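Visitor: Could you have a look at this structure, given as structure tokens, before my questions?
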Amino acid sequence: MSEAAVPAPASTDDAASPHLPMSRRFRGFLPVVVDVETGGFESRRHALLEIAAIPLNIDEDGNLVPGAPVHAHVEPADGTHIDPQSLEVTGIDIHHPFRFAKPERDALDHIFNHVRNAVRHHECQRAILVGHNAHFDLGFINAAVARTQHKRNPFHPFSVFDTVTLAGVAYGQTVLARAVQAAGLQWDQAQAHSALYDTTLTAQLFCRIANAWPKMAAPAATAD
């Protein structure tokens with residue numbers, strides 16, 4: 001899979017649109033769907049190995065749709081650990097010659113630059129992470145930010161939108177594969193545990209639920 005960031009498509013949520021613009025849809029936050037693959041469960045101890053992100057757009061009908069993805073494999077940072085059982089689950093071969101992994105700081109720059117461009121494009125103030133068990137993903141991002149002393153993290157440091165909760169309410173399912181299928185989407189188990197694939201399906205799931213939600217009055221345009 002390519003790691004190159006694809007430019008975001010032209011926005012339809014400008015002043016001429018009859019629909020609520022993204023900058024007002026979520027109090028100034030831009031939802032960005034993220035999935036990480038890791039060397040274990042402890043964000044400060046285990047390595048970040050893969051990350052993908054998909055900022056959301058609004059189409060001409062006012063529906064949320066997945067935007068352009070960005071993806072990177074990550075070299076295990078010095079001092080982090082990898083549980084072999086985690087690699088059995090993800091299928092990641094950290095020594096594969098075509099993995100083309102980036103140093104952790106470079107991988108964050110690659111992802112964050114794409115996200116910041118999307119935030120500016122939609123005239124939002126900040127990104128908010130959307131994920132399936134979202135605090136797991138955010139925890140690994142925050143740990144990588146701390147290790148690299150990165151000063152330009154576009155994500156809110158603790159707030160998230162979690163599709164586990166949303167899918168549990170909407171479909172009575174909390175496992176990603178089952179929630180995706182309950183939403184009427186296709187799930188390919190052979191591609192599961194790829195950060196880019198899981199991000200893509202999580203984005204589709206979030207949009208499916210959010211677009212079915214009753215339309216509400218316009219929220220405040222600013223975020224704390």
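Simple scheme: letters A, B, ... for chains in structure tokens order, numbers from 1 for residues in each chain, numbers from 1 for ligands in the order shown.
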Contacts of Phe161 (chain A) at 12 Å or less, counting only C-alpha atoms, minus same-chain residues fewer than 2 places along, as a short mmCIF file (atom, residue, chain, number, x, y, z; two decimals) with N, CA and C atoms, in the first residue's frame?

Guide:
data_model
loop_
_atom_site.label_atom_id
_atom_site.label_comp_id
_atom_site.auth_asym_id
_atom_site.auth_seq_id
_atom_site.Cartn_x
_atom_site.Cartn_y
_atom_site.Cartn_z
N PHE A 26 -19.07 20.17 14.30
CA PHE A 26 -18.58 19.55 15.54
C PHE A 26 -17.84 20.58 16.40
N PHE A 29 -14.24 21.28 15.56
CA PHE A 29 -13.35 20.12 15.43
C PHE A 29 -13.57 19.42 14.09
N LEU A 30 -12.48 18.92 13.51
CA LEU A 30 -12.57 18.09 12.31
C LEU A 30 -12.38 16.64 12.71
N PRO A 31 -13.38 15.77 12.48
CA PRO A 31 -13.19 14.35 12.79
C PRO A 31 -12.17 13.72 11.83
N VAL A 32 -11.19 13.06 12.41
CA VAL A 32 -10.16 12.36 11.64
C VAL A 32 -10.09 10.93 12.17
N VAL A 33 -10.40 9.97 11.31
CA VAL A 33 -10.43 8.57 11.71
C VAL A 33 -9.00 8.03 11.70
N VAL A 34 -8.63 7.34 12.78
CA VAL A 34 -7.26 6.86 12.97
C VAL A 34 -7.27 5.41 13.42
N ALA A 127 -8.20 18.93 15.11
CA ALA A 127 -8.71 17.61 14.77
C ALA A 127 -9.15 16.88 16.04
N ILE A 128 -10.17 16.05 15.89
CA ILE A 128 -10.58 15.17 16.98
C ILE A 128 -10.52 13.74 16.45
N LEU A 129 -9.89 12.86 17.21
CA LEU A 129 -9.66 11.50 16.75
C LEU A 129 -10.93 10.67 16.81
N VAL A 130 -11.23 9.99 15.72
CA VAL A 130 -12.31 9.00 15.65
C VAL A 130 -11.64 7.64 15.55
N GLY A 131 -12.05 6.71 16.40
CA GLY A 131 -11.43 5.39 16.33
C GLY A 131 -12.32 4.34 16.95
N HIS A 132 -11.96 3.09 16.71
CA HIS A 132 -12.65 1.97 17.33
C HIS A 132 -11.81 1.57 18.54
N ASN A 133 -12.33 1.82 19.75
CA ASN A 133 -11.51 1.86 20.98
C ASN A 133 -10.52 3.02 20.85
N ALA A 134 -11.09 4.20 20.67
CA ALA A 134 -10.31 5.37 20.24
C ALA A 134 -9.22 5.77 21.22
N HIS A 135 -9.44 5.57 22.51
CA HIS A 135 -8.42 5.98 23.48
C HIS A 135 -7.15 5.12 23.36
N ASP A 137 -5.87 4.18 20.40
CA ASP A 137 -5.14 4.84 19.32
C ASP A 137 -4.56 6.17 19.79
N LEU A 138 -5.37 6.96 20.48
CA LEU A 138 -4.89 8.26 20.95
C LEU A 138 -3.75 8.10 21.95
N PHE A 155 -4.19 16.85 17.05
CA PHE A 155 -5.32 16.20 17.69
C PHE A 155 -5.58 16.76 19.09
N HIS A 156 -6.87 16.80 19.45
CA HIS A 156 -7.23 17.11 20.83
C HIS A 156 -6.56 16.09 21.74
N PHE A 158 -7.27 14.67 24.57
CA PHE A 158 -8.00 13.63 25.30
C PHE A 158 -9.40 13.35 24.80
N SER A 159 -10.02 14.25 24.07
CA SER A 159 -11.38 14.01 23.56
C SER A 159 -11.34 13.17 22.29
N THR A 163 -16.21 4.71 17.91
CA THR A 163 -17.22 3.94 17.19
C THR A 163 -17.66 2.69 17.95
N VAL A 164 -16.94 2.29 18.99
CA VAL A 164 -17.43 1.20 19.84
C VAL A 164 -18.75 1.63 20.48
N THR A 165 -18.77 2.82 21.05
CA THR A 165 -19.99 3.33 21.68
C THR A 165 -21.08 3.55 20.65
N LEU A 166 -20.72 4.21 19.55
CA LEU A 166 -21.73 4.52 18.54
C LEU A 166 -22.34 3.26 17.94
N ALA A 167 -21.49 2.27 17.62
CA ALA A 167 -22.00 1.03 17.04
C ALA A 167 -22.80 0.22 18.06
N THR A 202 -13.53 1.81 9.58
CA THR A 202 -14.02 2.60 10.71
C THR A 202 -14.59 3.92 10.23
N ALA A 203 -13.96 4.53 9.23
CA ALA A 203 -14.48 5.77 8.66
C ALA A 203 -15.85 5.56 8.03
N PHE A 206 -18.39 5.09 10.89
CA PHE A 206 -18.72 6.35 11.56
C PHE A 206 -19.65 7.19 10.69
N CYS A 207 -19.33 7.30 9.40
CA CYS A 207 -20.17 8.09 8.51
C CYS A 207 -21.57 7.50 8.39
N ILE A 209 -23.26 5.80 10.60
CA ILE A 209 -24.03 6.10 11.82
C ILE A 209 -24.36 7.58 11.91
N ALA A 210 -23.36 8.43 11.68
CA ALA A 210 -23.58 9.87 11.82
C ALA A 210 -24.60 10.39 10.81
#

Visitor: Give me every strand (DSSP E or B) residue in region 92-134 of chain A, going by DSSP on the backbone, as a PyMOL selection string.

Guide: chain A and resi 102+126-131

Visitor: Only C-alpha atoms, please: the residues just picked out, written as a PDB file, in the first residue's frame.

Guide:
ATOM      1  CA  LYS A 102       9.823   5.686   8.718  1.00  0.00           C
ATOM      2  CA  ARG A 126      -8.383  21.281  15.662  1.00  0.00           C
ATOM      3  CA  ALA A 127      -8.714  17.605  14.769  1.00  0.00           C
ATOM      4  CA  ILE A 128     -10.578  15.170  16.983  1.00  0.00           C
ATOM      5  CA  LEU A 129      -9.656  11.497  16.745  1.00  0.00           C
ATOM      6  CA  VAL A 130     -12.306   9.000  15.650  1.00  0.00           C
ATOM      7  CA  GLY A 131     -11.431   5.389  16.329  1.00  0.00           C
TER       8      GLY A 131
END

Visitor: From a DSSP pass on the backbone, collect the residues of chain A flagged as helix (DSSP H, G or I) and hand them back as a PyMOL selection string.

Guide: chain A and resi 22-25+84-90+104-121+134-148+163-171+176-182+189-191+195-212

Visitor: What's around Ala101 (chain A) at 10 Å? Count only C-alpha atoms, leave out sequence neighbours fewer than 4 positions away in its own chain, and write the answer as a PDB file with N, CA and C atoms, in the first residue's frame.

Guide:
ATOM      1  N   GLU A   3       2.324   4.891   0.850  1.00  0.00           N
ATOM      2  CA  GLU A   3       2.352   5.738   2.028  1.00  0.00           C
ATOM      3  C   GLU A   3       2.175   7.200   1.664  1.00  0.00           C
ATOM      4  N   LEU A  49       3.885   0.770  15.382  1.00  0.00           N
ATOM      5  CA  LEU A  49       4.409   0.121  14.187  1.00  0.00           C
ATOM      6  C   LEU A  49       3.743   0.569  12.887  1.00  0.00           C
ATOM      7  N   GLU A  50       2.538   1.067  12.963  1.00  0.00           N
ATOM      8  CA  GLU A  50       1.816   1.478  11.756  1.00  0.00           C
ATOM      9  C   GLU A  50       0.713   2.445  12.149  1.00  0.00           C
ATOM     10  N   ALA A  72       1.439   5.303   7.143  1.00  0.00           N
ATOM     11  CA  ALA A  72       2.885   5.108   7.283  1.00  0.00           C
ATOM     12  C   ALA A  72       3.170   3.897   8.154  1.00  0.00           C
ATOM     13  N   HIS A  73       4.178   3.121   7.752  1.00  0.00           N
ATOM     14  CA  HIS A  73       4.784   2.143   8.646  1.00  0.00           C
ATOM     15  C   HIS A  73       5.828   2.870   9.493  1.00  0.00           C
ATOM     16  N   VAL A  74       6.035   2.391  10.709  1.00  0.00           N
ATOM     17  CA  VAL A  74       6.871   3.106  11.676  1.00  0.00           C
ATOM     18  C   VAL A  74       7.961   2.181  12.195  1.00  0.00           C
ATOM     19  N   GLU A  75       9.187   2.698  12.227  1.00  0.00           N
ATOM     20  CA  GLU A  75      10.274   1.961  12.862  1.00  0.00           C
ATOM     21  C   GLU A  75      10.068   1.953  14.379  1.00  0.00           C
ATOM     22  N   PRO A  76      10.256   0.814  15.032  1.00  0.00           N
ATOM     23  CA  PRO A  76      10.124   0.795  16.496  1.00  0.00           C
ATOM     24  C   PRO A  76      11.090   1.802  17.131  1.00  0.00           C
ATOM     25  N   ILE A  94       8.412  -6.774  10.861  1.00  0.00           N
ATOM     26  CA  ILE A  94       9.154  -5.516  10.976  1.00  0.00           C
ATOM     27  C   ILE A  94      10.457  -5.538  10.195  1.00  0.00           C
ATOM     28  N   HIS A  95      10.880  -6.720   9.746  1.00  0.00           N
ATOM     29  CA  HIS A  95      12.116  -6.829   8.977  1.00  0.00           C
ATOM     30  C   HIS A  95      11.858  -7.005   7.472  1.00  0.00           C
ATOM     31  N   HIS A  96      10.609  -6.857   7.043  1.00  0.00           N
ATOM     32  CA  HIS A  96      10.293  -7.058   5.628  1.00  0.00           C
ATOM     33  C   HIS A  96      11.004  -5.990   4.788  1.00  0.00           C
ATOM     34  N   PRO A  97      11.680  -6.396   3.703  1.00  0.00           N
ATOM     35  CA  PRO A  97      12.464  -5.424   2.930  1.00  0.00           C
ATOM     36  C   PRO A  97      11.625  -4.355   2.237  1.00  0.00           C
ATOM     37  N   ASP A 106       9.461  11.125  11.791  1.00  0.00           N
ATOM     38  CA  ASP A 106       9.109  11.344  10.388  1.00  0.00           C
ATOM     39  C   ASP A 106       7.705  10.826  10.084  1.00  0.00           C
ATOM     40  N   ALA A 107       7.348   9.699  10.689  1.00  0.00           N
ATOM     41  CA  ALA A 107       6.005   9.151  10.483  1.00  0.00           C
ATOM     42  C   ALA A 107       4.942  10.099  11.037  1.00  0.00           C
TER      43      ALA A 107
END

Visitor: Can you pull out every residue within 8 Å of Arg45 (chain A), counting only C-alpha atoms, but drop anything in the same chain fewer than 4 positions away, and send it as a PyMOL selection string?

Guide: chain A and resi 79-81

Visitor: Return the single residue from A:Gln189, A:Asn57, A:Ser86, A:Asn153 that is closest to Gly40 (chain A), with distances computed using only C-alpha atoms.

Guide: A:Ser86

Visitor: In Å to one decimal, how far is CA of Arg25 (chain A) from CA of His122 (chain A)?

Guide: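 Pair CA of His122 (chain A) / CA of Arg25 (chain A) returns 10.7 Å.
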
Visitor: Give the answer as one residue: which of A:Gln125, A:Asn113, A:Asn142, A:Thr90 has the shortest atom-to-atom distance to Glu42 (chain A), using only C-alpha atoms?

Guide: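 Smallest distance to Glu42 (chain A) is found for A:Asn142.
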
Visitor: Please list as a JSON list (two decimals) with N, CA and C atoms, in the first residue's frame every residue within 12 Å of Leu205 (chain A), counting only C-alpha atoms and excluding residues in the same chain fewer than 6 positions away.

Guide:
[["chain", "number", "residue", "atom", "x", "y", "z"],
["A", 33, "VAL", "N", -10.40, 9.97, 11.31],
["A", 33, "VAL", "CA", -10.43, 8.57, 11.71],
["A", 33, "VAL", "C", -9.00, 8.03, 11.70],
["A", 64, "LEU", "N", -21.55, 13.20, 5.76],
["A", 64, "LEU", "CA", -20.15, 12.95, 6.03],
["A", 64, "LEU", "C", -19.64, 11.82, 5.14],
["A", 65, "VAL", "N", -18.46, 12.01, 4.57],
["A", 65, "VAL", "CA", -17.83, 11.01, 3.71],
["A", 65, "VAL", "C", -16.35, 10.95, 4.02],
["A", 66, "PRO", "N", -15.73, 9.77, 3.88],
["A", 66, "PRO", "CA", -14.28, 9.69, 4.10],
["A", 66, "PRO", "C", -13.51, 10.51, 3.07],
["A", 130, "VAL", "N", -11.23, 9.99, 15.72],
["A", 130, "VAL", "CA", -12.31, 9.00, 15.65],
["A", 130, "VAL", "C", -11.64, 7.64, 15.55],
["A", 131, "GLY", "N", -12.05, 6.71, 16.40],
["A", 131, "GLY", "CA", -11.43, 5.39, 16.33],
["A", 131, "GLY", "C", -12.32, 4.34, 16.95],
["A", 132, "HIS", "N", -11.96, 3.09, 16.71],
["A", 132, "HIS", "CA", -12.65, 1.97, 17.33],
["A", 132, "HIS", "C", -11.81, 1.57, 18.54],
["A", 162, "ASP", "N", -15.75, 7.65, 19.63],
["A", 162, "ASP", "CA", -15.45, 6.21, 19.64],
["A", 162, "ASP", "C", -16.56, 5.44, 18.96],
["A", 163, "THR", "N", -16.21, 4.71, 17.91],
["A", 163, "THR", "CA", -17.22, 3.94, 17.19],
["A", 163, "THR", "C", -17.66, 2.69, 17.95],
["A", 164, "VAL", "N", -16.94, 2.29, 18.99],
["A", 164, "VAL", "CA", -17.43, 1.20, 19.84],
["A", 164, "VAL", "C", -18.75, 1.63, 20.48],
["A", 165, "THR", "N", -18.77, 2.82, 21.05],
["A", 165, "THR", "CA", -19.99, 3.33, 21.68],
["A", 165, "THR", "C", -21.08, 3.55, 20.65],
["A", 166, "LEU", "N", -20.72, 4.21, 19.55],
["A", 166, "LEU", "CA", -21.73, 4.52, 18.54],
["A", 166, "LEU", "C", -22.34, 3.26, 17.94],
["A", 167, "ALA", "N", -21.49, 2.27, 17.62],
["A", 167, "ALA", "CA", -22.00, 1.03, 17.04],
["A", 167, "ALA", "C", -22.80, 0.22, 18.06],
["A", 168, "GLY", "N", -22.40, 0.29, 19.33],
["A", 168, "GLY", "CA", -23.17, -0.39, 20.35],
["A", 168, "GLY", "C", -24.57, 0.17, 20.46],
["A", 170, "ALA", "N", -26.13, 2.01, 18.02],
["A", 170, "ALA", "CA", -26.84, 1.93, 16.74],
["A", 170, "ALA", "C", -27.21, 0.50, 16.36],
["A", 171, "TYR", "N", -26.29, -0.46, 16.62],
["A", 171, "TYR", "CA", -26.47, -1.81, 16.09],
["A", 171, "TYR", "C", -26.38, -2.91, 17.14],
["A", 173, "GLN", "N", -23.66, -3.86, 18.47],
["A", 173, "GLN", "CA", -22.40, -4.56, 18.21],
["A", 173, "GLN", "C", -21.23, -3.66, 18.61],
["A", 174, "THR", "N", -20.21, -4.26, 19.23],
["A", 174, "THR", "CA", -19.04, -3.49, 19.64],
["A", 174, "THR", "C", -17.76, -3.95, 18.97],
["A", 175, "VAL", "N", -17.73, -5.18, 18.44],
["A", 175, "VAL", "CA", -16.57, -5.66, 17.69],
["A", 175, "VAL", "C", -16.61, -5.03, 16.30],
["A", 176, "LEU", "N", -15.48, -4.52, 15.81],
["A", 176, "LEU", "CA", -15.47, -3.78, 14.56],
["A", 176, "LEU", "C", -16.04, -4.59, 13.40],
["A", 177, "ALA", "N", -15.59, -5.82, 13.23],
["A", 177, "ALA", "CA", -16.06, -6.63, 12.10],
["A", 177, "ALA", "C", -17.58, -6.81, 12.14],
["A", 178, "ARG", "N", -18.11, -7.09, 13.31],
["A", 178, "ARG", "CA", -19.55, -7.31, 13.44],
["A", 178, "ARG", "C", -20.32, -6.01, 13.26],
["A", 179, "ALA", "N", -19.78, -4.92, 13.77],
["A", 179, "ALA", "CA", -20.45, -3.62, 13.63],
["A", 179, "ALA", "C", -20.49, -3.20, 12.16],
["A", 180, "VAL", "N", -19.38, -3.40, 11.44],
["A", 180, "VAL", "CA", -19.33, -3.07, 10.02],
["A", 180, "VAL", "C", -20.39, -3.87, 9.25],
["A", 181, "GLN", "N", -20.48, -5.15, 9.54],
["A", 181, "GLN", "CA", -21.46, -5.99, 8.84],
["A", 181, "GLN", "C", -22.88, -5.62, 9.23],
["A", 182, "ALA", "N", -23.09, -5.27, 10.50],
["A", 182, "ALA", "CA", -24.43, -4.86, 10.94],
["A", 182, "ALA", "C", -24.86, -3.56, 10.26],
["A", 183, "ALA", "N", -23.87, -2.75, 9.88],
["A", 183, "ALA", "CA", -24.17, -1.49, 9.20],
["A", 183, "ALA", "C", -24.41, -1.69, 7.71],
["A", 184, "GLY", "N", -24.30, -2.93, 7.23],
["A", 184, "GLY", "CA", -24.53, -3.23, 5.83],
["A", 184, "GLY", "C", -23.31, -3.03, 4.95],
["A", 185, "LEU", "N", -22.14, -2.98, 5.58],
["A", 185, "LEU", "CA", -20.88, -2.80, 4.85],
["A", 185, "LEU", "C", -20.17, -4.15, 4.73],
["A", 186, "GLN", "N", -19.22, -4.22, 3.81],
["A", 186, "GLN", "CA", -18.48, -5.45, 3.58],
["A", 186, "GLN", "C", -17.23, -5.49, 4.45],
["A", 187, "TRP", "N", -16.93, -6.65, 5.03],
["A", 187, "TRP", "CA", -15.74, -6.83, 5.86],
["A", 187, "TRP", "C", -14.90, -7.96, 5.28],
["A", 198, "ASP", "N", -8.36, -1.00, 8.44],
["A", 198, "ASP", "CA", -9.22, -0.78, 9.60],
["A", 198, "ASP", "C", -9.67, 0.67, 9.69],
["A", 199, "THR", "N", -8.80, 1.61, 9.32],
["A", 199, "THR", "CA", -9.19, 3.02, 9.31],
["A", 199, "THR", "C", -10.28, 3.27, 8.26],
["A", 211, "ASN", "N", -24.57, 9.85, 9.60],
["A", 211, "ASN", "CA", -25.50, 10.32, 8.56],
["A", 211, "ASN", "C", -26.93, 9.86, 8.80],
["A", 212, "ALA", "N", -27.10, 8.81, 9.61],
["A", 212, "ALA", "CA", -28.44, 8.33, 9.95],
["A", 212, "ALA", "C", -29.02, 9.06, 11.15]]

Visitor: Expressed in Å to a single decimal, how great is the separation between CA of Phe136 (chain A) and CA of Ile58 (chain A)?

Guide: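 If I compute the distance from CA of Phe136 (chain A) to CA of Ile58 (chain A), I get 26.6 Å.
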